[in-house]
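Have a look at data_9.pdb; it's PDB, C-alpha atoms and all ligand atoms:
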MODEL        1
ATOM      1  CA  MET A   8     129.423  97.330 166.642
ATOM      2  CA  THR A   9     131.619  99.115 169.111
ATOM      3  CA  THR A  10     131.779 102.784 169.930
ATOM      4  CA  THR A  11     134.724 104.694 171.278
ATOM      5  CA  THR A  12     134.199 107.186 174.035
ATOM      6  CA  THR A  13     136.178 110.347 173.369
ATOM      7  CA  ALA A  14     137.376 112.844 175.957
ATOM      8  CA  GLY A  15     134.776 115.260 174.653
ATOM      9  CA  ASP A  16     132.007 112.654 175.053
ATOM     10  CA  LEU A  17     133.036 112.036 178.640
ATOM     11  CA  THR A  18     133.150 115.742 179.502
ATOM     12  CA  SER A  19     129.681 116.220 178.017
ATOM     13  CA  GLU A  20     128.331 113.254 179.983
ATOM     14  CA  VAL A  21     129.734 114.578 183.277
ATOM     15  CA  LEU A  22     128.432 118.079 182.581
ATOM     16  CA  SER A  23     125.004 116.684 181.744
ATOM     17  CA  ALA A  24     124.909 114.643 184.954
ATOM     18  CA  HIS A  25     125.397 117.836 186.984
ATOM     19  CA  SER A  26     123.166 120.071 184.891
ATOM     20  CA  THR A  27     120.145 119.563 187.105
ATOM     21  CA  THR A  28     121.827 121.005 190.212
ATOM     22  CA  PRO A  29     118.991 123.166 191.599
ATOM     23  CA  ASP A  30     121.057 126.074 192.942
ATOM     24  CA  PRO A  31     121.915 128.166 189.847
ATOM     25  CA  ARG A  32     125.219 129.571 191.124
ATOM     26  CA  LEU A  33     126.410 126.154 192.328
ATOM     27  CA  ARG A  34     125.380 124.721 188.931
ATOM     28  CA  GLU A  35     127.472 127.361 187.162
ATOM     29  CA  LEU A  36     130.509 126.776 189.397
ATOM     30  CA  LEU A  37     130.322 122.988 189.088
ATOM     31  CA  ALA A  38     130.039 123.118 185.301
ATOM     32  CA  ALA A  39     133.002 125.485 184.961
ATOM     33  CA  LEU A  40     135.065 123.391 187.375
ATOM     34  CA  ILE A  41     134.353 120.223 185.378
ATOM     35  CA  ARG A  42     135.130 121.906 182.033
ATOM     36  CA  HIS A  43     138.436 123.344 183.248
ATOM     37  CA  LEU A  44     139.557 120.188 185.082
ATOM     38  CA  HIS A  45     138.849 118.089 182.005
ATOM     39  CA  ALA A  46     140.585 120.570 179.698
ATOM     40  CA  PHE A  47     143.617 120.621 182.025
ATOM     41  CA  THR A  48     143.805 116.832 181.895
ATOM     42  CA  VAL A  49     143.528 116.660 178.115
ATOM     43  CA  GLU A  50     145.983 119.524 177.537
ATOM     44  CA  THR A  51     148.690 118.043 179.772
ATOM     45  CA  ARG A  52     147.969 114.362 178.982
ATOM     46  CA  LEU A  53     147.944 113.893 182.767
ATOM     47  CA  THR A  54     149.324 110.458 183.704
ATOM     48  CA  SER A  55     147.828 108.186 186.374
ATOM     49  CA  GLN A  56     150.957 108.619 188.485
ATOM     50  CA  GLU A  57     150.687 112.416 188.245
ATOM     51  CA  TRP A  58     146.979 112.283 189.117
ATOM     52  CA  LEU A  59     147.793 110.199 192.203
ATOM     53  CA  ALA A  60     150.625 112.556 193.183
ATOM     54  CA  GLY A  61     148.122 115.408 192.985
ATOM     55  CA  ILE A  62     145.669 113.574 195.215
ATOM     56  CA  GLU A  63     148.428 112.848 197.718
ATOM     57  CA  PHE A  64     149.538 116.499 197.651
ATOM     58  CA  LEU A  65     146.027 117.792 198.361
ATOM     59  CA  THR A  66     145.576 115.177 201.107
ATOM     60  CA  ALA A  67     148.828 116.270 202.763
ATOM     61  CA  THR A  68     147.777 119.920 202.423
ATOM     62  CA  GLY A  69     144.569 119.215 204.317
ATOM     63  CA  GLN A  70     146.373 117.184 206.947
ATOM     64  CA  LYS A  71     148.757 120.097 207.570
ATOM     65  CA  CYS A  72     145.836 122.379 208.521
ATOM     66  CA  ASP A  73     144.909 122.963 212.154
ATOM     67  CA  SER A  74     143.590 125.841 214.235
ATOM     68  CA  GLN A  75     146.878 127.748 213.812
ATOM     69  CA  ARG A  76     147.915 126.733 210.303
ATOM     70  CA  GLN A  77     145.910 127.100 207.076
ATOM     71  CA  GLU A  78     147.902 125.342 204.379
ATOM     72  CA  PHE A  79     145.078 125.573 201.807
ATOM     73  CA  ILE A  80     145.016 129.396 202.016
ATOM     74  CA  LEU A  81     148.785 129.335 201.634
ATOM     75  CA  LEU A  82     148.411 127.108 198.559
ATOM     76  CA  SER A  83     145.821 129.483 197.125
ATOM     77  CA  ASP A  84     148.107 132.456 197.841
ATOM     78  CA  VAL A  85     151.184 130.868 196.312
ATOM     79  CA  LEU A  86     149.354 129.961 193.095
ATOM     80  CA  GLY A  87     148.032 133.538 192.783
ATOM     81  CA  LEU A  88     144.435 132.361 193.192
ATOM     82  CA  SER A  89     143.778 134.512 196.268
ATOM     83  CA  SER A  90     144.997 137.618 194.455
ATOM     84  CA  LEU A  91     142.894 136.735 191.413
ATOM     85  CA  VAL A  92     139.750 136.390 193.546
ATOM     86  CA  ASP A  93     140.515 139.845 194.974
ATOM     87  CA  LEU A  94     140.998 141.320 191.506
ATOM     88  CA  VAL A  95     137.762 140.035 190.017
ATOM     89  CA  ASN A  96     135.795 141.282 193.044
ATOM     90  CA  ALA A  97     137.363 144.761 193.257
ATOM     91  CA  ALA A  98     134.905 147.612 193.778
ATOM     92  CA  ALA A  99     135.339 150.600 191.454
ATOM     93  CA  GLY A 100     136.807 153.642 193.179
ATOM     94  CA  ALA A 101     137.616 151.818 196.416
ATOM     95  CA  THR A 102     141.027 151.116 197.935
ATOM     96  CA  GLU A 103     142.521 148.128 196.131
ATOM     97  CA  SER A 104     142.269 144.852 197.960
ATOM     98  CA  THR A 105     144.848 142.138 198.356
ATOM     99  CA  VAL A 106     145.234 138.781 200.052
ATOM    100  CA  LEU A 107     143.883 138.057 203.531
ATOM    101  CA  GLY A 108     146.759 135.650 204.165
ATOM    102  CA  PRO A 109     146.789 132.767 206.618
ATOM    103  CA  PHE A 110     147.478 134.762 209.805
ATOM    104  CA  TYR A 111     144.272 136.743 210.325
ATOM    105  CA  ARG A 112     142.541 136.236 213.694
ATOM    106  CA  PRO A 113     139.086 137.596 214.390
ATOM    107  CA  GLY A 114     138.428 139.108 217.800
ATOM    108  CA  ALA A 115     141.427 141.436 218.110
ATOM    109  CA  PRO A 116     141.124 143.955 220.962
ATOM    110  CA  ARG A 117     139.402 147.287 220.346
ATOM    111  CA  ARG A 118     141.930 150.059 220.880
ATOM    112  CA  LYS A 119     141.898 153.828 221.307
ATOM    113  CA  MET A 120     143.042 156.016 218.414
ATOM    114  CA  GLY A 121     146.803 156.325 218.363
ATOM    115  CA  GLU A 122     147.372 153.305 220.592
ATOM    116  CA  HIS A 123     150.339 150.998 219.960
ATOM    117  CA  ILE A 124     149.195 147.576 218.751
ATOM    118  CA  GLY A 125     152.461 145.873 219.795
ATOM    119  CA  ARG A 126     155.478 146.197 222.057
ATOM    120  CA  PRO A 127     158.681 148.264 221.841
ATOM    121  CA  GLU A 128     160.686 145.124 221.122
ATOM    122  CA  ASP A 129     158.640 144.403 217.974
ATOM    123  CA  GLY A 130     160.619 146.943 215.944
ATOM    124  CA  THR A 131     161.063 150.567 214.945
ATOM    125  CA  PRO A 132     158.144 152.639 216.275
ATOM    126  CA  THR A 133     155.946 153.918 213.470
ATOM    127  CA  LEU A 134     152.768 155.985 213.316
ATOM    128  CA  ILE A 135     150.245 155.092 210.623
ATOM    129  CA  ARG A 136     147.520 157.673 210.128
ATOM    130  CA  GLY A 137     144.910 158.793 207.640
ATOM    131  CA  ARG A 138     141.252 159.011 206.874
ATOM    132  CA  VAL A 139     138.533 156.650 205.705
ATOM    133  CA  SER A 140     136.288 158.208 203.053
ATOM    134  CA  ASP A 141     133.590 157.212 200.619
ATOM    135  CA  THR A 142     134.130 157.357 196.862
ATOM    136  CA  SER A 143     132.981 161.007 196.786
ATOM    137  CA  GLY A 144     135.614 161.964 199.375
ATOM    138  CA  SER A 145     133.293 162.382 202.352
ATOM    139  CA  PRO A 146     134.620 160.989 205.662
ATOM    140  CA  ILE A 147     132.957 157.818 206.930
ATOM    141  CA  ASP A 148     131.788 157.909 210.541
ATOM    142  CA  GLY A 149     132.008 154.540 212.304
ATOM    143  CA  ALA A 150     134.392 152.842 209.876
ATOM    144  CA  THR A 151     136.313 149.972 211.442
ATOM    145  CA  LEU A 152     139.976 149.161 210.789
ATOM    146  CA  ASP A 153     141.072 145.693 211.827
ATOM    147  CA  VAL A 154     144.889 145.745 211.538
ATOM    148  CA  TRP A 155     147.573 143.106 212.117
ATOM    149  CA  GLN A 156     151.182 142.392 211.258
ATOM    150  CA  GLY A 157     154.207 140.306 212.163
ATOM    151  CA  SER A 158     156.910 141.268 214.654
ATOM    152  CA  GLY A 159     160.502 142.230 213.881
ATOM    153  CA  ASN A 160     161.484 138.552 214.038
ATOM    154  CA  GLY A 161     159.224 137.886 211.031
ATOM    155  CA  LEU A 162     156.639 135.988 213.063
ATOM    156  CA  TYR A 163     152.964 136.632 213.846
ATOM    157  CA  ASP A 164     151.742 136.094 217.393
ATOM    158  CA  ILE A 165     150.153 132.763 216.455
ATOM    159  CA  GLN A 166     153.531 131.487 215.223
ATOM    160  CA  ASP A 167     155.545 132.703 218.200
ATOM    161  CA  PRO A 168     154.909 131.569 221.795
ATOM    162  CA  ALA A 169     157.068 134.467 223.068
ATOM    163  CA  GLN A 170     154.521 137.054 221.883
ATOM    164  CA  PRO A 171     151.470 137.913 223.992
ATOM    165  CA  ASN A 172     148.047 136.900 222.741
ATOM    166  CA  PHE A 173     146.838 139.337 220.027
ATOM    167  CA  ASN A 174     150.213 141.081 219.858
ATOM    168  CA  LEU A 175     150.368 143.476 216.884
ATOM    169  CA  ARG A 176     146.624 143.316 216.323
ATOM    170  CA  GLY A 177     143.961 145.890 216.980
ATOM    171  CA  VAL A 178     140.557 147.207 215.954
ATOM    172  CA  PHE A 179     139.948 150.961 215.583
ATOM    173  CA  THR A 180     136.703 152.788 214.811
ATOM    174  CA  THR A 181     136.600 156.233 213.197
ATOM    175  CA  GLY A 182     134.583 159.204 214.407
ATOM    176  CA  SER A 183     132.693 161.718 212.260
ATOM    177  CA  ASP A 184     135.932 163.041 210.697
ATOM    178  CA  GLY A 185     136.824 159.563 209.381
ATOM    179  CA  ALA A 186     140.312 159.942 210.848
ATOM    180  CA  TYR A 187     142.322 157.109 212.334
ATOM    181  CA  SER A 188     145.826 156.570 213.667
ATOM    182  CA  PHE A 189     147.734 153.792 215.376
ATOM    183  CA  ARG A 190     151.267 153.066 216.446
ATOM    184  CA  THR A 191     153.030 149.903 215.394
ATOM    185  CA  SER A 192     156.500 148.763 214.348
ATOM    186  CA  ARG A 193     157.891 149.185 210.851
ATOM    187  CA  PRO A 194     157.071 145.844 209.216
ATOM    188  CA  VAL A 195     159.780 143.506 207.995
ATOM    189  CA  SER A 196     159.806 140.904 205.253
ATOM    190  CA  TYR A 197     159.078 137.376 206.355
ATOM    191  CA  PRO A 198     159.208 133.997 204.655
ATOM    192  CA  VAL A 199     155.942 132.134 204.165
ATOM    193  CA  PRO A 200     156.182 128.674 205.752
ATOM    194  CA  ILE A 201     157.799 125.999 203.590
ATOM    195  CA  ASP A 202     157.793 123.167 206.126
ATOM    196  CA  GLY A 203     154.499 121.859 204.675
ATOM    197  CA  PRO A 204     153.392 120.535 201.281
ATOM    198  CA  VAL A 205     153.274 124.031 199.742
ATOM    199  CA  GLY A 206     157.007 124.297 200.415
ATOM    200  CA  ASN A 207     157.493 121.634 197.742
ATOM    201  CA  ILE A 208     156.079 124.046 195.139
ATOM    202  CA  PHE A 209     158.665 126.668 196.064
ATOM    203  CA  ARG A 210     161.480 124.115 195.933
ATOM    204  CA  ALA A 211     160.293 122.643 192.631
ATOM    205  CA  SER A 212     159.896 126.033 190.955
ATOM    206  CA  GLY A 213     163.001 127.652 192.384
ATOM    207  CA  ARG A 214     161.015 130.655 193.687
ATOM    208  CA  HIS A 215     161.925 132.440 196.920
ATOM    209  CA  ASN A 216     159.300 132.422 199.659
ATOM    210  CA  TRP A 217     159.629 135.995 201.001
ATOM    211  CA  ARG A 218     156.765 138.394 201.337
ATOM    212  CA  ALA A 219     157.206 142.123 200.756
ATOM    213  CA  ALA A 220     156.996 143.876 204.152
ATOM    214  CA  HIS A 221     153.428 144.928 204.932
ATOM    215  CA  VAL A 222     150.770 145.782 207.480
ATOM    216  CA  HIS A 223     147.391 144.064 207.027
ATOM    217  CA  ALA A 224     144.074 145.904 207.290
ATOM    218  CA  ILE A 225     140.408 145.054 206.860
ATOM    219  CA  LEU A 226     138.266 148.174 206.390
ATOM    220  CA  SER A 227     134.542 147.974 206.919
ATOM    221  CA  ALA A 228     131.597 150.261 207.613
ATOM    222  CA  PRO A 229     127.817 149.821 207.610
ATOM    223  CA  GLY A 230     126.492 150.317 204.075
ATOM    224  CA  TYR A 231     129.900 149.877 202.408
ATOM    225  CA  GLN A 232     131.745 146.991 200.780
ATOM    226  CA  PRO A 233     134.542 145.818 203.102
ATOM    227  CA  VAL A 234     138.111 145.881 201.775
ATOM    228  CA  THR A 235     140.877 143.492 202.811
ATOM    229  CA  THR A 236     144.160 145.135 202.012
ATOM    230  CA  HIS A 237     147.829 145.795 202.898
ATOM    231  CA  ILE A 238     150.104 148.785 203.434
ATOM    232  CA  PHE A 239     153.453 148.081 201.745
ATOM    233  CA  ASP A 240     156.784 149.733 202.570
ATOM    234  CA  SER A 241     158.163 151.509 199.482
ATOM    235  CA  GLU A 242     161.755 150.679 200.428
ATOM    236  CA  ASN A 243     161.247 146.922 200.661
ATOM    237  CA  GLU A 244     163.379 144.689 198.458
ATOM    238  CA  HIS A 245     160.636 142.163 197.648
ATOM    239  CA  LEU A 246     158.000 144.490 196.162
ATOM    240  CA  THR A 247     158.532 143.080 192.662
ATOM    241  CA  SER A 248     158.741 139.403 193.659
ATOM    242  CA  ASP A 249     156.247 138.974 196.503
ATOM    243  CA  ALA A 250     155.803 135.250 197.201
ATOM    244  CA  VAL A 251     151.988 135.473 197.028
ATOM    245  CA  PHE A 252     151.612 138.105 194.259
ATOM    246  CA  GLY A 253     149.937 140.519 196.691
ATOM    247  CA  VAL A 254     151.626 143.839 195.859
ATOM    248  CA  ARG A 255     149.571 146.601 194.187
ATOM    249  CA  ASP A 256     151.267 149.881 193.252
ATOM    250  CA  SER A 257     148.453 151.881 194.852
ATOM    251  CA  LEU A 258     149.127 150.243 198.237
ATOM    252  CA  ILE A 259     152.826 151.186 198.463
ATOM    253  CA  ARG A 260     153.630 153.990 200.907
ATOM    254  CA  GLN A 261     156.673 155.961 202.039
ATOM    255  CA  PHE A 262     157.738 155.441 205.620
ATOM    256  CA  ASN A 263     158.789 159.047 206.272
ATOM    257  CA  PRO A 264     161.162 159.921 209.124
ATOM    258  CA  ALA A 265     159.164 161.694 211.836
ATOM    259  CA  GLY A 266     159.666 165.435 211.532
ATOM    260  CA  PRO A 267     158.673 168.616 213.343
ATOM    261  CA  GLY A 268     155.058 168.400 214.449
ATOM    262  CA  ASP A 269     155.042 164.595 214.491
ATOM    263  CA  PRO A 270     154.862 162.652 217.767
ATOM    264  CA  SER A 271     158.274 162.322 219.408
ATOM    265  CA  ASP A 272     157.806 158.640 220.326
ATOM    266  CA  VAL A 273     157.896 157.337 216.727
ATOM    267  CA  GLN A 274     160.684 157.198 214.144
ATOM    268  CA  TYR A 275     158.488 156.913 211.061
ATOM    269  CA  VAL A 276     155.158 158.337 209.967
ATOM    270  CA  VAL A 277     153.045 156.798 207.196
ATOM    271  CA  ASP A 278     150.050 158.557 205.656
ATOM    272  CA  VAL A 279     147.424 156.171 204.278
ATOM    273  CA  ASP A 280     143.902 157.185 203.280
ATOM    274  CA  PHE A 281     141.326 154.485 202.564
ATOM    275  CA  THR A 282     138.264 154.645 200.332
ATOM    276  CA  LEU A 283     135.200 152.424 200.602
ATOM    277  CA  ALA A 284     132.542 151.934 197.935
ATOM    278  CA  PRO A 285     128.834 151.595 198.747
ATOM    279  CA  ALA A 286     127.578 148.073 199.248
ATOM    280  CA  GLY A 287     126.029 146.729 196.083
TER     281      GLY A 287
HETATM  282 FE    FE B 301     151.226 139.106 206.395
ENDMDL
END
Write out the structure in this file as structure tokens.
Amino acid sequence: MTTTTTAGDLTSEVLSAHSTTPDPRLRELLAALIRHLHAFTVETRLTSQEWLAGIEFLTATGQKCDSQRQEFILLSDVLGLSSLVDLVNAAAGATESTVLGPFYRPGAPRRKMGEHIGRPEDGTPTLIRGRVSDTSGSPIDGATLDVWQGSGNGLYDIQDPAQPNFNLRGVFTTGSDGAYSFRTSRPVSYPVPIDGPVGNIFRASGRHNWRAAHVHAILSAPGYQPVTTHIFDSENEHLTSDAVFGVRDSLIRQFNPAGPGDPSDVQYVVDVDFTLAPAG
């Protein structure tokens, strides 16, 4: 007598083999990963050639990574996974989060309030200012803003040997009024890199690879959940087709021409308040 193994039998066997994983969270993640991978394979009738192409793609993605290039984060961004992770972890009442992106560098210099994080040649001088508050509206003393962005040529410092180390990056810490301000350049759209394996996804799908212009920020404070977010320019042409699905309506701001009472060394002023929720 012979028996036929079905797809369902195989999935059950693999799930069972991993069901004794001691760490409960790892057990949950492994089981869900197995279920969804198996369902994907059955649904698409994945061929051996396609499976091998997938293995080769992931191998090439890893081989593209080095200390300056993170192709796996780019892959996650381009498939919307990074944005989805942000969405399911959003804290109620806090500033909305969005993708970290592949260009964050820890260790940016601490700067004084109002200081310029870049150089005049990076673009149109812009003042970004506001307050960091808790969900009841009270200012947060000692909140840290870690901000970074690309230059007017569309490149971050780590992509561009002509920029000084840590150009357009800075860390600011609020006082008891929760206020912050810094000078930077008005951000421009830039294309995400397509010279690696992830570029093949753009070419195959016919999507453009431009990001809506933005400034990055990580907000943190003792006793609060950190938020990784962006400030988007309301006049940017790619707000509705951002290459990594990072735009949130609540993060879009007007870049207002500097008026009476504003500093005379900037052309634009942007008001952005941030809200942090207590750490769970
Ligand atoms: Fe960026």
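Nearest residue to ligand FE 301 (chain B) among A:Asp129, A:Asp148, A:Asp16, A:Asp249 is A:Asp249, counting only C-alpha atoms and all ligand atoms.
Candidate residues A:Phe79, A:Ser143, A:Val21, A:Ser55 were compared for distance to Leu40 (chain A), and the nearest is A:Val21, using all atoms listed in the file.
Close to (135.5, 155.0, 194.3), meaning no more than 12 Å away when counting all atoms listed in the file, sit the residues Ala97, Ala98, Ala99, Gly100, Ala101, Thr102, Glu103, Val139, Ser140, Asp141, Thr142, Ser143, Gly144, Ser145, Tyr231, Gln232, Phe281, Thr282, Leu283, Ala284, Pro285 and Ala286 of chain A.
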### Task
List the residues matched by the PyMOL selection byres (((not hetatm)) within 8 of (chain B and resi 301)) in the displayed structure as a PyMOL selection string, ordered by chain and then by residue number.
chain A and resi 107-110+155-157+218+220-223
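For the structure shown here, the set of residues caught by the PyMOL selection byres (((chain A and resi 226) around 10) and not hetatm) is Thr102, Ser104, Val139, Ala150, Thr151, Leu152, Asp153, Val154, Val178, Phe179, Thr180, Ala224, Ile225, Ser227, Ala228, Tyr231, Gln232, Pro233, Val234, Thr235, Thr236, Phe281, Thr282 and Leu283 of chain A.
As for CA of Asn207 (chain A) and CA of Arg76 (chain A), they are spaced 16.6 Å apart.
One finds CA of Gln261 (chain A) at 11.9 Å from CA of Leu134 (chain A).
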### Task
Name the residues that the PyMOL selection byres (((chain A and resi 173) around 9) and not hetatm) pulls out of this structure, and write them as a ChimeraX atom specification.
/A:112,114-116,124-125,155,164-165,170-172,174-177
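Here CA of Gly69 (chain A) stands at a distance of 15.6 Å from CA of Val85 (chain A).
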### Query
Restricting the calculation to only C-alpha atoms, which member of A:Phe239, A:Phe189, A:Phe252, A:Tyr111 is positioned closest to Asn216 (chain A)?
A:Phe252
## Note on the structure
For Ile147 (chain A), the closest of A:Ala186, A:Leu86, A:Cys72, A:Leu36 counting all atoms listed in the file is A:Ala186
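Closest approach to Gln70 (chain A) from the set A:Ala219, A:Pro204, A:Ser183, A:Ser23 is made by A:Pro204, with distances taken over all atoms listed in the file.
Nearest residue to Glu50 (chain A) among A:Leu33, A:Ile62, A:Ala14, A:Leu82 is A:Ala14, counting all atoms listed in the file.
Residue neighbourhood of Gly203 (chain A), excluding near-sequence residues (fewer than 5 positions): Thr68, Lys71 and Glu78 of chain A, at 8 Å, using all atoms listed in the file.
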Residue subset to file, keeping C-alpha atoms, as a PDB file, in the frame of the given file:
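Contents of the output file result36.pdb:
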ATOM      1  CA  THR A  68     147.777 119.920 202.423  1.00  0.00           C
ATOM      2  CA  LYS A  71     148.757 120.097 207.570  1.00  0.00           C
ATOM      3  CA  GLU A  78     147.902 125.342 204.379  1.00  0.00           C
TER       4      GLU A  78
END
Taking only residues of region 138-179 of chain A that have an atom at most 10 Å from an atom of region 130-133 of chain A, what is each one's shortest atom pair and its distance in Å to one decimal, using all atoms listed in the file, in chain and number order, as a tab-separated table?
residue	atom	partner	partner_atom	distance
A:Gly157	CA	A:Gly130	CA	10.0
A:Ser158	CA	A:Gly130	CA	6.9
A:Gly159	CA	A:Gly130	CA	5.1
A:Asn160	CA	A:Gly130	CA	8.6
Region 50-60 of chain A, all listed atoms, 3 Å padding on each side: what axis-aligned box centre and edge lengths in Å to one decimal come out, as lines of an AutoDock Vina configuration file?
center_x = 148.5
center_y = 113.9
center_z = 185.4
size_x = 11.0
size_y = 17.3
size_z = 21.6
